[in-house]
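Here's input-v4.cif, which has mmCIF, C-alpha atoms:
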```
data_protein
#
loop_
_atom_site.group_PDB
_atom_site.id
_atom_site.type_symbol
_atom_site.label_atom_id
_atom_site.label_comp_id
_atom_site.auth_asym_id
_atom_site.auth_seq_id
_atom_site.Cartn_x
_atom_site.Cartn_y
_atom_site.Cartn_z
ATOM 1 C CA GLN A 89 95.071 81.353 116.738
ATOM 2 C CA ASN A 90 92.362 83.372 118.383
ATOM 3 C CA ASN A 91 90.296 80.716 120.150
ATOM 4 C CA PRO A 92 92.589 77.777 120.897
ATOM 5 C CA LYS A 93 91.507 74.499 122.413
ATOM 6 C CA LEU A 94 93.103 74.052 125.856
ATOM 7 C CA ALA A 95 93.737 70.467 126.968
ATOM 8 C CA TRP A 96 95.307 68.778 129.970
ATOM 9 C CA GLU A 97 95.880 65.304 131.361
ATOM 10 C CA ALA A 98 92.741 63.957 132.997
ATOM 11 C CA ALA A 99 92.805 63.620 136.787
ATOM 12 C CA GLN A 100 91.969 60.094 137.978
ATOM 13 C CA TYR A 101 89.034 60.916 140.253
ATOM 14 C CA ALA A 102 87.873 64.213 138.809
ATOM 15 C CA SER A 103 84.220 64.629 137.890
ATOM 16 C CA SER A 104 84.709 68.108 136.457
ATOM 17 C CA TYR A 105 87.257 70.889 136.122
ATOM 18 C CA ASN A 106 87.391 74.611 136.755
ATOM 19 C CA VAL A 107 89.219 76.459 133.995
ATOM 20 C CA TYR A 108 90.547 79.946 134.688
ATOM 21 C CA ILE A 109 91.520 82.244 131.809
ATOM 22 C CA GLY A 110 92.582 85.869 132.143
ATOM 23 C CA THR A 111 95.013 88.518 130.999
ATOM 24 C CA SER A 112 96.717 88.919 134.391
ATOM 25 C CA SER A 113 99.566 86.533 135.151
ATOM 26 C CA ASP A 114 98.129 85.901 138.624
ATOM 27 C CA LEU A 115 94.665 85.262 137.094
ATOM 28 C CA SER A 116 93.134 87.824 139.425
ATOM 29 C CA ASP A 117 90.791 88.827 136.586
ATOM 30 C CA ALA A 118 89.662 85.264 135.829
ATOM 31 C CA GLU A 119 86.353 83.625 136.700
ATOM 32 C CA PRO A 120 86.130 79.804 136.767
ATOM 33 C CA VAL A 121 84.473 78.018 133.859
ATOM 34 C CA LYS A 122 83.197 74.518 134.730
ATOM 35 C CA VAL A 123 83.720 71.699 132.200
ATOM 36 C CA THR A 124 83.337 67.930 132.458
ATOM 37 C CA THR A 125 85.972 67.120 129.837
ATOM 38 C CA ASN A 126 89.745 67.429 129.997
ATOM 39 C CA TYR A 127 89.710 70.176 127.395
ATOM 40 C CA TYR A 128 88.109 73.554 126.871
ATOM 41 C CA LYS A 129 87.506 75.449 123.613
ATOM 42 C CA THR A 130 88.035 79.130 124.236
ATOM 43 C CA GLU A 131 85.822 81.766 122.618
ATOM 44 C CA ASN A 132 85.410 85.524 122.258
ATOM 45 C CA LEU A 133 89.068 86.291 122.920
ATOM 46 C CA SER A 134 90.705 89.530 121.795
ATOM 47 C CA ASN A 135 93.475 89.764 119.215
ATOM 48 C CA ASN A 136 96.972 90.931 120.132
ATOM 49 C CA THR A 137 96.688 89.672 123.694
ATOM 50 C CA ARG A 138 98.513 87.243 125.976
ATOM 51 C CA TYR A 139 96.158 85.079 128.033
ATOM 52 C CA TYR A 140 97.053 83.021 131.105
ATOM 53 C CA TRP A 141 95.209 79.908 132.190
ATOM 54 C CA THR A 142 95.149 77.118 134.729
ATOM 55 C CA VAL A 143 92.886 74.208 135.745
ATOM 56 C CA GLU A 144 91.503 72.815 138.987
ATOM 57 C CA ALA A 145 90.146 69.286 139.301
ATOM 58 C CA VAL A 146 86.814 68.870 141.105
ATOM 59 C CA ASN A 147 85.038 65.827 142.664
ATOM 60 C CA GLU A 148 82.662 65.121 145.538
ATOM 61 C CA GLN A 149 85.510 65.591 147.990
ATOM 62 C CA GLY A 150 86.105 69.148 146.835
ATOM 63 C CA THR A 151 88.469 71.093 144.607
ATOM 64 C CA THR A 152 92.152 70.418 144.249
ATOM 65 C CA SER A 153 94.695 73.158 144.674
ATOM 66 C CA THR A 154 96.046 74.434 141.429
ATOM 67 C CA THR A 155 98.938 72.081 140.734
ATOM 68 C CA SER A 156 98.959 72.144 136.944
ATOM 69 C CA GLY A 157 100.832 75.431 136.856
ATOM 70 C CA THR A 158 99.885 78.551 134.956
ATOM 71 C CA TRP A 159 100.246 78.536 131.204
ATOM 72 C CA SER A 160 99.908 81.229 128.588
ATOM 73 C CA PHE A 161 99.211 81.725 124.891
ATOM 74 C CA VAL A 162 99.048 84.676 122.504
ATOM 75 C CA THR A 163 96.055 85.293 120.267
ATOM 76 C CA THR A 164 96.267 86.295 116.606
ATOM 77 C CA LEU A 165 98.515 89.290 116.026
ATOM 78 C CA ASP A 166 96.953 91.711 113.562
ATOM 79 C CA VAL A 167 99.029 92.612 110.511
ATOM 80 C CA PRO A 168 99.596 96.195 109.297
ATOM 81 C CA GLN A 169 96.834 97.506 107.056
ATOM 82 C CA ASN A 170 96.595 99.209 103.649
ATOM 83 C CA ILE A 171 100.154 98.580 102.510
ATOM 84 C CA SER A 172 101.129 100.191 99.221
ATOM 85 C CA ALA A 173 104.173 101.189 97.180
ATOM 86 C CA ASN A 174 104.532 104.521 95.422
ATOM 87 C CA PRO A 175 105.558 104.150 92.694
ATOM 88 C CA THR A 176 105.045 100.455 91.977
ATOM 89 C CA GLN A 177 107.358 100.579 88.942
ATOM 90 C CA ILE A 178 110.832 102.090 89.114
ATOM 91 C CA TYR A 179 114.211 101.967 87.407
ATOM 92 C CA GLU A 180 117.448 100.841 89.021
ATOM 93 C CA GLY A 181 118.841 103.634 91.159
ATOM 94 C CA GLU A 182 115.418 104.999 92.012
ATOM 95 C CA SER A 183 113.570 104.482 95.279
ATOM 96 C CA THR A 184 109.989 103.736 96.225
ATOM 97 C CA MET A 185 108.028 104.691 99.320
ATOM 98 C CA ILE A 186 106.237 101.920 101.193
ATOM 99 C CA SER A 187 103.289 103.100 103.274
ATOM 100 C CA TRP A 188 100.852 101.336 105.577
ATOM 101 C CA SER A 189 98.582 102.002 108.536
ATOM 102 C CA ALA A 190 98.779 100.537 112.003
ATOM 103 C CA PRO A 191 96.721 97.493 113.023
ATOM 104 C CA GLU A 192 93.595 98.173 115.011
ATOM 105 C CA ASN A 193 93.351 97.460 118.732
ATOM 106 C CA ILE A 194 97.048 97.744 119.494
ATOM 107 C CA ASN A 195 97.782 96.436 122.983
ATOM 108 C CA GLY A 196 101.041 98.030 124.178
ATOM 109 C CA SER A 197 103.938 99.282 122.077
ATOM 110 C CA ILE A 198 104.601 98.126 118.546
ATOM 111 C CA ASP A 199 107.478 98.173 116.065
ATOM 112 C CA TYR A 200 107.566 97.289 112.381
ATOM 113 C CA ASN A 201 109.874 95.047 110.387
ATOM 114 C CA ILE A 202 110.401 95.570 106.660
ATOM 115 C CA TYR A 203 111.204 92.605 104.401
ATOM 116 C CA VAL A 204 112.398 92.521 100.789
ATOM 117 C CA ASN A 205 111.831 89.120 99.177
ATOM 118 C CA GLY A 206 111.697 87.533 102.621
ATOM 119 C CA ASP A 207 114.893 89.139 103.937
ATOM 120 C CA LEU A 208 114.738 91.572 106.841
ATOM 121 C CA LYS A 209 115.425 95.112 105.650
ATOM 122 C CA GLY A 210 114.918 97.425 108.629
ATOM 123 C CA ASN A 211 113.152 98.114 111.893
ATOM 124 C CA LEU A 212 111.034 101.162 112.761
ATOM 125 C CA GLU A 213 110.046 102.382 116.192
ATOM 126 C CA ASP A 214 106.447 103.064 117.142
ATOM 127 C CA ILE A 215 106.070 106.643 115.862
ATOM 128 C CA ASN A 216 103.219 108.125 113.846
ATOM 129 C CA LEU A 217 101.336 104.833 114.023
ATOM 130 C CA LYS A 218 98.462 105.923 111.814
ATOM 131 C CA ASP A 219 100.667 106.929 108.891
ATOM 132 C CA ILE A 220 103.830 104.838 108.623
ATOM 133 C CA SER A 221 106.162 104.876 105.634
ATOM 134 C CA TYR A 222 109.627 103.598 104.732
ATOM 135 C CA GLU A 223 111.765 104.397 101.708
ATOM 136 C CA ILE A 224 113.186 101.370 99.921
ATOM 137 C CA GLN A 225 116.363 101.932 97.902
ATOM 138 C CA ASP A 226 118.886 99.848 95.991
ATOM 139 C CA LEU A 227 116.414 97.411 94.468
ATOM 140 C CA GLY A 228 117.894 95.458 91.575
ATOM 141 C CA HIS A 229 116.386 94.575 88.222
ATOM 142 C CA ASN A 230 113.293 92.421 88.690
ATOM 143 C CA ILE A 231 110.428 92.680 86.213
ATOM 144 C CA ILE A 232 108.359 90.040 87.990
ATOM 145 C CA GLY A 233 108.672 92.311 90.991
ATOM 146 C CA HIS A 234 110.218 92.431 94.425
ATOM 147 C CA GLU A 235 107.924 91.343 97.238
ATOM 148 C CA ILE A 236 107.915 94.031 99.912
ATOM 149 C CA SER A 237 106.250 93.131 103.185
ATOM 150 C CA VAL A 238 105.695 94.672 106.597
ATOM 151 C CA THR A 239 105.091 92.924 109.905
ATOM 152 C CA ALA A 240 104.012 94.329 113.252
ATOM 153 C CA VAL A 241 106.163 93.364 116.227
ATOM 154 C CA TYR A 242 104.155 93.540 119.455
ATOM 155 C CA ASP A 243 106.091 94.135 122.648
ATOM 156 C CA GLY A 244 106.254 90.897 124.607
ATOM 157 C CA LEU A 245 103.920 89.071 122.214
ATOM 158 C CA GLY A 246 105.775 88.388 118.973
ATOM 159 C CA GLU A 247 105.611 89.211 115.285
ATOM 160 C CA SER A 248 102.504 89.292 113.124
ATOM 161 C CA GLY A 249 102.070 87.898 109.645
ATOM 162 C CA HIS A 250 103.105 89.823 106.546
ATOM 163 C CA ALA A 251 101.249 92.564 104.698
ATOM 164 C CA LYS A 252 102.609 92.516 101.139
ATOM 165 C CA CYS A 253 102.965 94.626 98.031
ATOM 166 C CA ASN A 254 105.004 94.352 94.821
ATOM 167 C CA VAL A 255 107.539 96.655 93.152
ATOM 168 C CA GLN A 256 108.807 96.097 89.602
ATOM 169 C CA VAL A 257 112.308 97.322 88.777
ATOM 170 C CA CYS A 258 113.685 97.811 85.272
ATOM 171 C CA GLY A 259 117.455 97.614 85.036
ATOM 172 C CA TYR A 260 120.044 99.061 82.692
ATOM 173 C CA GLY A 261 122.508 97.441 80.354
ATOM 174 C CA LYS A 262 124.610 98.290 77.324
ATOM 175 C CA MET A 263 124.408 97.574 73.605
ATOM 176 C CA ASP A 264 127.432 96.869 71.442
ATOM 177 C CA ILE A 265 126.299 97.468 67.855
ATOM 178 C CA THR A 266 128.602 96.531 64.969
ATOM 179 C CA VAL A 267 127.941 97.651 61.378
ATOM 180 C CA LYS A 268 129.766 95.904 58.514
ATOM 181 C CA ASP A 269 129.602 95.551 54.778
ATOM 182 C CA GLY A 270 130.448 91.892 54.566
ATOM 183 C CA GLU A 271 133.617 91.751 56.646
ATOM 184 C CA THR A 272 134.419 95.444 56.267
ATOM 185 C CA PRO A 273 133.547 97.702 59.222
ATOM 186 C CA ILE A 274 131.599 100.817 58.310
ATOM 187 C CA LYS A 275 132.702 104.011 59.984
ATOM 188 C CA GLY A 276 130.280 106.891 60.444
ATOM 189 C CA ALA A 277 127.086 104.910 60.053
ATOM 190 C CA THR A 278 124.121 106.540 61.778
ATOM 191 C CA VAL A 279 122.427 104.231 64.233
ATOM 192 C CA VAL A 280 118.982 105.004 65.605
ATOM 193 C CA LEU A 281 117.447 103.062 68.520
ATOM 194 C CA ASN A 282 113.703 102.999 69.190
ATOM 195 C CA GLY A 283 111.939 100.733 71.591
ATOM 196 C CA THR A 284 109.961 99.963 74.707
ATOM 197 C CA ASP A 285 111.459 99.139 78.084
ATOM 198 C CA MET A 286 110.354 96.185 80.199
ATOM 199 C CA LEU A 287 107.891 98.370 82.078
ATOM 200 C CA ASN A 288 106.146 98.980 78.711
ATOM 201 C CA ASN A 289 107.254 102.591 78.582
ATOM 202 C CA ALA A 290 108.488 104.092 75.321
ATOM 203 C CA VAL A 291 112.202 104.836 75.426
ATOM 204 C CA GLU A 292 113.491 108.164 74.152
ATOM 205 C CA GLU A 293 115.016 107.756 70.708
ATOM 206 C CA PHE A 294 118.797 107.507 70.646
ATOM 207 C CA THR A 295 121.020 108.398 67.712
ATOM 208 C CA GLY A 296 124.767 107.744 67.396
ATOM 209 C CA SER A 297 127.517 106.993 64.909
ATOM 210 C CA THR A 298 129.855 104.039 64.524
ATOM 211 C CA ASN A 299 133.597 104.445 65.094
ATOM 212 C CA GLU A 300 136.461 103.350 62.872
ATOM 213 C CA ALA A 301 135.851 99.750 63.848
ATOM 214 C CA GLY A 302 132.235 100.060 62.786
ATOM 215 C CA VAL A 303 131.117 99.859 66.419
ATOM 216 C CA LEU A 304 128.714 101.954 68.456
ATOM 217 C CA LEU A 305 128.679 101.304 72.188
ATOM 218 C CA VAL A 306 125.477 102.496 73.879
ATOM 219 C CA GLU A 307 125.575 102.454 77.671
ATOM 220 C CA ASN A 308 122.862 102.814 80.310
ATOM 221 C CA VAL A 309 120.169 101.374 78.082
ATOM 222 C CA LYS A 310 116.949 100.446 79.820
ATOM 223 C CA ALA A 311 116.206 96.742 79.548
ATOM 224 C CA GLY A 312 113.598 96.216 76.862
ATOM 225 C CA GLU A 313 112.971 95.532 73.194
ATOM 226 C CA TYR A 314 114.519 97.795 70.564
ATOM 227 C CA THR A 315 114.519 98.359 66.844
ATOM 228 C CA VAL A 316 117.905 99.312 65.396
ATOM 229 C CA THR A 317 117.984 101.358 62.193
ATOM 230 C CA VAL A 318 121.314 101.913 60.414
ATOM 231 C CA SER A 319 121.844 104.411 57.631
ATOM 232 C CA ILE A 320 124.834 105.750 55.672
ATOM 233 C CA PHE A 321 125.049 107.895 52.591
ATOM 234 C CA GLY A 322 121.251 108.066 52.536
ATOM 235 C CA TYR A 323 120.763 104.282 52.611
ATOM 236 C CA GLU A 324 119.203 102.252 55.407
#
```

Take the structure in the file and write it out as structure tokens.
Amino acid sequence: QNNPKLAWEAAQYASSYNVYIGTSSDLSDAEPVKVTTNYYKTENLSNNTRYYWTVEAVNEQGTTSTTSGTWSFVTTLDVPQNISANPTQIYEGESTMISWSAPENINGSIDYNIYVNGDLKGNLEDINLKDISYEIQDLGHNIIGHEISVTAVYDGLGESGHAKCNVQVCGYGKMDITVKDGETPIKGATVVLNGTDMLNNAVEEFTGSTNEAGVLLVENVKAGEYTVTVSIFGYE
């Protein structure tokens, strides 16, 4: 969090405390803040930053040496911005390009992690920070959509939260169509398929004929809803 509450065990005879907070590990950039409680609520801290802090106890006899040690915390790590997928709807075997822009106020070097449905996909080095993209391939059928997310990994600080987008993928299957007259297979029947795939796109009409067993096998059919029309000798 950006403005954490710092707390410590109260000293027995302390009347107040000096709290030092800075971005240098030796606290050379820190000015003391006097408090009369054994906690301090920080404010106005910058994102993407490691802060160091320590405490001195104070009473009428003077100020103790710093014996509490020096501690540190990291403020909120900004997530990548403006994430998008192009296209957002694809078919199995196709790819989509994920693009995003770098967080503002980057402090040091930064990498990016790519996740597909929560699983780590890849890692990119800090190049072209204002216009980052990554091609996602091999996504399987998922009409609800795959969750694609990007995190920023700050050198020495940790990993940010996820910026997310969604990519729908329509898969392929096959249709095994059998045409019979009662129990008798019909050879040479004309079969016409019309329909809409699961991305709500009209599918190009397909026409074929049944074999001697009265069967037409149609492969690489986009998942969707189809109307099957059968005709032979002018009858449907």

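Matched in the shown structure by the PyMOL selection byres ((chain A and resi 111) around 8): A:Ile109, A:Gly110, A:Ser112, A:Ser113, A:Leu115, A:Asp117, A:Ala118, A:Thr137, A:Arg138, A:Tyr139, A:Tyr140.
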
Which residues come within 12 Å of Tyr242 (chain A), counting all atoms listed in the file, excluding same-chain residues fewer than 5 positions away, as an mmCIF file with C-alpha atoms, keeping the file's coordinate frame?
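The file below, result_32.cif, is the result:
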```cif
data_model
loop_
_atom_site.group_PDB
_atom_site.id
_atom_site.type_symbol
_atom_site.label_atom_id
_atom_site.label_comp_id
_atom_site.auth_asym_id
_atom_site.auth_seq_id
_atom_site.Cartn_x
_atom_site.Cartn_y
_atom_site.Cartn_z
ATOM 1 C CA ASN A 135 93.475 89.764 119.215
ATOM 2 C CA ASN A 136 96.972 90.931 120.132
ATOM 3 C CA THR A 137 96.688 89.672 123.694
ATOM 4 C CA ARG A 138 98.513 87.243 125.976
ATOM 5 C CA VAL A 162 99.048 84.676 122.504
ATOM 6 C CA THR A 163 96.055 85.293 120.267
ATOM 7 C CA THR A 164 96.267 86.295 116.606
ATOM 8 C CA LEU A 165 98.515 89.290 116.026
ATOM 9 C CA ASP A 166 96.953 91.711 113.562
ATOM 10 C CA VAL A 167 99.029 92.612 110.511
ATOM 11 C CA PRO A 168 99.596 96.195 109.297
ATOM 12 C CA ALA A 190 98.779 100.537 112.003
ATOM 13 C CA PRO A 191 96.721 97.493 113.023
ATOM 14 C CA ASN A 193 93.351 97.460 118.732
ATOM 15 C CA ILE A 194 97.048 97.744 119.494
ATOM 16 C CA ASN A 195 97.782 96.436 122.983
ATOM 17 C CA GLY A 196 101.041 98.030 124.178
ATOM 18 C CA SER A 197 103.938 99.282 122.077
ATOM 19 C CA ILE A 198 104.601 98.126 118.546
ATOM 20 C CA ASP A 199 107.478 98.173 116.065
ATOM 21 C CA TYR A 200 107.566 97.289 112.381
ATOM 22 C CA ASN A 201 109.874 95.047 110.387
ATOM 23 C CA GLU A 213 110.046 102.382 116.192
ATOM 24 C CA ASP A 214 106.447 103.064 117.142
ATOM 25 C CA GLU A 247 105.611 89.211 115.285
ATOM 26 C CA SER A 248 102.504 89.292 113.124
ATOM 27 C CA GLY A 249 102.070 87.898 109.645
#
```

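Across the structure, CA of Val306 (chain A) and CA of Gly233 (chain A) are spaced 26.1 Å apart.
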
Pairwise distance, CA of Glu144 (chain A) with CA of Glu131 (chain A), equals 19.5 Å

Contacts of Ala301 (chain A) within 6 Å, only C-alpha atoms, excl. fewer than 2 positions in-chain, as a ChimeraX atom specification = /A:273,299,303

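The protein and nucleic acid residues lying at most 12 Å from Ser319 (chain A) are Val267, Lys268, Ile274, Lys275, Gly276, Ala277, Thr278, Val279, Val280, Leu281, Thr295, Gly296, Ser297, Thr298, Val316, Gly322, Tyr323 and Glu324 of chain A, with all atoms listed in the file considered and sequence neighbours fewer than 3 positions away removed.
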
Could those residues be written to a file, using C-alpha atoms, as a PDB file, keeping the file's coordinate frame?
```
ATOM      1  CA  VAL A 267     127.941  97.651  61.378  1.00  0.00           C
ATOM      2  CA  LYS A 268     129.766  95.904  58.514  1.00  0.00           C
ATOM      3  CA  ILE A 274     131.599 100.817  58.310  1.00  0.00           C
ATOM      4  CA  LYS A 275     132.702 104.011  59.984  1.00  0.00           C
ATOM      5  CA  GLY A 276     130.280 106.891  60.444  1.00  0.00           C
ATOM      6  CA  ALA A 277     127.086 104.910  60.053  1.00  0.00           C
ATOM      7  CA  THR A 278     124.121 106.540  61.778  1.00  0.00           C
ATOM      8  CA  VAL A 279     122.427 104.231  64.233  1.00  0.00           C
ATOM      9  CA  VAL A 280     118.982 105.004  65.605  1.00  0.00           C
ATOM     10  CA  LEU A 281     117.447 103.062  68.520  1.00  0.00           C
ATOM     11  CA  THR A 295     121.020 108.398  67.712  1.00  0.00           C
ATOM     12  CA  GLY A 296     124.767 107.744  67.396  1.00  0.00           C
ATOM     13  CA  SER A 297     127.517 106.993  64.909  1.00  0.00           C
ATOM     14  CA  THR A 298     129.855 104.039  64.524  1.00  0.00           C
ATOM     15  CA  VAL A 316     117.905  99.312  65.396  1.00  0.00           C
ATOM     16  CA  GLY A 322     121.251 108.066  52.536  1.00  0.00           C
ATOM     17  CA  TYR A 323     120.763 104.282  52.611  1.00  0.00           C
ATOM     18  CA  GLU A 324     119.203 102.252  55.407  1.00  0.00           C
TER      19      GLU A 324
END
```

Neighbouring residues of Ser103 (chain A) were defined as those with any atom within 8 Å, considering only C-alpha atoms; residues of the same chain fewer than 4 positions away were excluded. Please report them as a PDB file with C-alpha atoms, in the coordinates of the input.
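Result file part.pdb:
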```pdb
ATOM      1  CA  THR A 124      83.337  67.930 132.458  1.00  0.00           C
ATOM      2  CA  ALA A 145      90.146  69.286 139.301  1.00  0.00           C
ATOM      3  CA  VAL A 146      86.814  68.870 141.105  1.00  0.00           C
ATOM      4  CA  ASN A 147      85.038  65.827 142.664  1.00  0.00           C
ATOM      5  CA  GLU A 148      82.662  65.121 145.538  1.00  0.00           C
TER       6      GLU A 148
END
```

Selected by the PyMOL selection byres ((chain A and resi 287) around 10) in the shown coordinates: which residues, as a PyMOL selection string?
-> chain A and resi 177-179+231+256-258+284-286+288-290+310-312

List the residues matched by the PyMOL selection byres ((chain A and resi 172) around 12) in the displayed structure as JSON, numbers by chain, ordered by chain and then by residue number.
-> {"A": [168, 169, 170, 171, 173, 174, 175, 176, 184, 185, 186, 187, 188, 189, 219, 220, 221, 222, 223, 235, 236, 237, 238, 251, 252, 253, 254, 255]}

Can you spit out the residues from that selection as an mmCIF file, in the coordinates of the input, using C-alpha atoms?
```cif
data_model
loop_
_atom_site.group_PDB
_atom_site.id
_atom_site.type_symbol
_atom_site.label_atom_id
_atom_site.label_comp_id
_atom_site.auth_asym_id
_atom_site.auth_seq_id
_atom_site.Cartn_x
_atom_site.Cartn_y
_atom_site.Cartn_z
ATOM 1 C CA PRO A 168 99.596 96.195 109.297
ATOM 2 C CA GLN A 169 96.834 97.506 107.056
ATOM 3 C CA ASN A 170 96.595 99.209 103.649
ATOM 4 C CA ILE A 171 100.154 98.580 102.510
ATOM 5 C CA ALA A 173 104.173 101.189 97.180
ATOM 6 C CA ASN A 174 104.532 104.521 95.422
ATOM 7 C CA PRO A 175 105.558 104.150 92.694
ATOM 8 C CA THR A 176 105.045 100.455 91.977
ATOM 9 C CA THR A 184 109.989 103.736 96.225
ATOM 10 C CA MET A 185 108.028 104.691 99.320
ATOM 11 C CA ILE A 186 106.237 101.920 101.193
ATOM 12 C CA SER A 187 103.289 103.100 103.274
ATOM 13 C CA TRP A 188 100.852 101.336 105.577
ATOM 14 C CA SER A 189 98.582 102.002 108.536
ATOM 15 C CA ASP A 219 100.667 106.929 108.891
ATOM 16 C CA ILE A 220 103.830 104.838 108.623
ATOM 17 C CA SER A 221 106.162 104.876 105.634
ATOM 18 C CA TYR A 222 109.627 103.598 104.732
ATOM 19 C CA GLU A 223 111.765 104.397 101.708
ATOM 20 C CA GLU A 235 107.924 91.343 97.238
ATOM 21 C CA ILE A 236 107.915 94.031 99.912
ATOM 22 C CA SER A 237 106.250 93.131 103.185
ATOM 23 C CA VAL A 238 105.695 94.672 106.597
ATOM 24 C CA ALA A 251 101.249 92.564 104.698
ATOM 25 C CA LYS A 252 102.609 92.516 101.139
ATOM 26 C CA CYS A 253 102.965 94.626 98.031
ATOM 27 C CA ASN A 254 105.004 94.352 94.821
ATOM 28 C CA VAL A 255 107.539 96.655 93.152
#
```

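When only C-alpha atoms are used to compute distances to Trp159 (chain A), the closest of the residues A:Glu292, A:Gln225, A:Ala95, A:Val123 turns out to be A:Ala95.
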
Take every atom of region 90-100 of chain A listed in the file, fit an axis-aligned box around them, add 4 Å per side, and give the centre and edge lengths in Å to one decimal as lines of an AutoDock Vina configuration file.
```
center_x = 93.1
center_y = 71.7
center_z = 128.2
size_x = 13.6
size_y = 31.3
size_z = 27.6
```

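Across A:Leu245, A:Val318, A:Val121, A:Leu227, the tightest approach to Phe294 (chain A) is made by A:Val318 when counting all atoms listed in the file.
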